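Asker: Okay, handing you the structure first.
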Amino acid sequence: MKYLLVLIVIAIAIGVWRSQRRDEKGQRQQAAPRRGPAVAAPQDMVECAHCGLHLPRSEAIEAGGRSYCSAEHRALAQRR
Ligand SMILES: [Zn+2]
């Protein structure tokens with residue numbers, strides 16, 4: 001009989017936990033509707049001509065048709 005009571009308590013706890021999770025999920029979806037990109041749109045990746053690091057084109061420094069990860073690497077590459 002004791003075990004039955006424990007089982008019932010566990011079942012109720014799981015039920016409460018699951019319903020709370022469902023509520024959180026619903027609230028999150030309401031707060032952030034699925035319209036519009038949830039993640040940033042994919043960007044072109046470019047390779048630093050000096051060290052080979054891949055980075056988004058928006059963060060790269062373009063010089064002479066080549067891309068660099070930083071102004072320092074642009075300067076180093078141009079010095080050669
Ligand atoms: Zn670099």
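Here's how to read the names in the structure tokens: chain A, B, ... by the order shown, residue numbers from 1 in each chain, ligand numbers from 1 in the order shown.
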Counting only C-alpha atoms and all ligand atoms, what are the residues, protein, DNA or RNA alike, that approach ligand 1 to within 8 Å? I want them as a list in words.
Answerer: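 Sorted by chain and then by number, the residues are Cys48, Ala49, His50, Cys51, Gly52, Leu53, Tyr68, Cys69, Ser70, Glu72, His73 and Arg74 of chain A.
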Asker: Taking the DSSP assignment computed from this structure's backbone, write out as a PyMOL selection string all residues of range 3-71 of chain A that belong to alpha helix (DSSP H).
Answerer: chain A and resi 3-31+71
Asker: Would you write out those residues with N, CA and C atoms, as a short mmCIF file (atom, residue, chain, number, x, y, z; two decimals), in the first residue's frame?
Answerer:
```
data_model
loop_
_atom_site.label_atom_id
_atom_site.label_comp_id
_atom_site.auth_asym_id
_atom_site.auth_seq_id
_atom_site.Cartn_x
_atom_site.Cartn_y
_atom_site.Cartn_z
N TYR A 3 3.82 1.52 -1.31
CA TYR A 3 4.42 1.69 -2.63
C TYR A 3 3.43 2.33 -3.61
N LEU A 4 2.15 1.94 -3.44
CA LEU A 4 1.11 2.51 -4.32
C LEU A 4 1.04 4.03 -4.11
N LEU A 5 1.11 4.44 -2.85
CA LEU A 5 1.07 5.87 -2.53
C LEU A 5 2.26 6.60 -3.16
N VAL A 6 3.44 5.98 -3.05
CA VAL A 6 4.66 6.57 -3.64
C VAL A 6 4.49 6.70 -5.14
N LEU A 7 3.95 5.65 -5.77
CA LEU A 7 3.74 5.66 -7.22
C LEU A 7 2.79 6.79 -7.62
N ILE A 8 1.73 6.95 -6.84
CA ILE A 8 0.75 8.00 -7.15
C ILE A 8 1.41 9.38 -7.05
N VAL A 9 2.20 9.58 -5.99
CA VAL A 9 2.89 10.86 -5.80
C VAL A 9 3.83 11.12 -6.98
N ILE A 10 4.57 10.11 -7.40
CA ILE A 10 5.50 10.26 -8.53
C ILE A 10 4.73 10.58 -9.81
N ALA A 11 3.62 9.87 -10.02
CA ALA A 11 2.81 10.10 -11.22
C ALA A 11 2.29 11.53 -11.25
N ILE A 12 1.84 12.04 -10.11
CA ILE A 12 1.34 13.42 -10.03
C ILE A 12 2.48 14.40 -10.30
N ALA A 13 3.63 14.12 -9.69
CA ALA A 13 4.80 15.00 -9.88
C ALA A 13 5.19 15.06 -11.35
N ILE A 14 5.21 13.91 -12.02
CA ILE A 14 5.56 13.89 -13.45
C ILE A 14 4.51 14.64 -14.25
N GLY A 15 3.24 14.46 -13.90
CA GLY A 15 2.16 15.16 -14.61
C GLY A 15 2.29 16.66 -14.48
N VAL A 16 2.57 17.13 -13.26
CA VAL A 16 2.74 18.58 -13.02
C VAL A 16 3.94 19.10 -13.79
N TRP A 17 5.02 18.34 -13.73
CA TRP A 17 6.27 18.74 -14.40
C TRP A 17 6.06 18.85 -15.91
N ARG A 18 5.35 17.86 -16.46
CA ARG A 18 5.13 17.86 -17.91
C ARG A 18 4.22 19.02 -18.32
N SER A 19 3.18 19.29 -17.51
CA SER A 19 2.27 20.38 -17.88
C SER A 19 2.99 21.73 -17.77
N GLN A 20 3.89 21.86 -16.78
CA GLN A 20 4.66 23.10 -16.67
C GLN A 20 5.57 23.29 -17.86
N ARG A 21 6.19 22.20 -18.30
CA ARG A 21 7.07 22.29 -19.48
C ARG A 21 6.28 22.72 -20.70
N ARG A 22 5.05 22.17 -20.83
CA ARG A 22 4.22 22.52 -21.98
C ARG A 22 3.86 24.01 -21.93
N ASP A 23 3.57 24.49 -20.72
CA ASP A 23 3.23 25.91 -20.56
C ASP A 23 4.41 26.79 -20.95
N GLU A 24 5.59 26.42 -20.46
CA GLU A 24 6.79 27.21 -20.79
C GLU A 24 7.01 27.26 -22.30
N LYS A 25 6.85 26.09 -22.92
CA LYS A 25 7.03 26.00 -24.37
C LYS A 25 6.05 26.92 -25.08
N GLY A 26 4.78 26.87 -24.65
CA GLY A 26 3.75 27.71 -25.28
C GLY A 26 4.05 29.18 -25.09
N GLN A 27 4.48 29.55 -23.88
CA GLN A 27 4.78 30.96 -23.63
C GLN A 27 5.96 31.42 -24.46
N ARG A 28 6.96 30.53 -24.60
CA ARG A 28 8.13 30.89 -25.38
C ARG A 28 7.75 31.11 -26.85
N GLN A 29 6.87 30.25 -27.35
CA GLN A 29 6.47 30.39 -28.75
C GLN A 29 5.65 31.66 -28.95
N GLN A 30 4.86 32.02 -27.91
CA GLN A 30 4.09 33.26 -28.03
C GLN A 30 5.02 34.48 -27.98
N ALA A 31 6.01 34.40 -27.10
CA ALA A 31 6.94 35.52 -26.96
C ALA A 31 7.77 35.70 -28.23
N ALA A 71 42.62 43.73 -39.42
CA ALA A 71 43.44 44.74 -40.08
C ALA A 71 44.91 44.38 -39.98
#
```
Asker: From the set A:Val39, A:Lys2, A:Val46, A:Arg79, which residue has the shortest atom-to-atom contact distance to Gly65 in chain A, counting only C-alpha atoms?
Answerer: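 Result for the nearest residue to Gly65 in chain A: A:Val46.
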Asker: Select from chain A everything DSSP, run on the backbone, classes as strand (DSSP E or B), then give the selection as a ChimeraX atom specification.
Answerer: /A:45-47,54-56,61-63,66-68
Asker: Go ahead and write the residues just picked, C-alpha atoms, as a short mmCIF file (atom, residue, chain, number, x, y, z; two decimals), in the first residue's frame.
Answerer:
```cif
data_model
loop_
_atom_site.label_atom_id
_atom_site.label_comp_id
_atom_site.auth_asym_id
_atom_site.auth_seq_id
_atom_site.Cartn_x
_atom_site.Cartn_y
_atom_site.Cartn_z
CA MET A 45 32.03 32.58 -45.33
CA VAL A 46 35.37 33.88 -46.49
CA GLU A 47 38.86 32.72 -45.69
CA HIS A 54 37.05 31.31 -41.91
CA LEU A 55 34.76 34.13 -40.91
CA PRO A 56 31.52 35.74 -42.13
CA ILE A 61 38.20 43.10 -44.07
CA GLU A 62 38.34 43.22 -47.85
CA ALA A 63 41.45 44.50 -49.55
CA ARG A 66 41.11 39.28 -50.79
CA SER A 67 39.56 38.88 -47.38
CA TYR A 68 41.29 39.14 -44.05
#
```
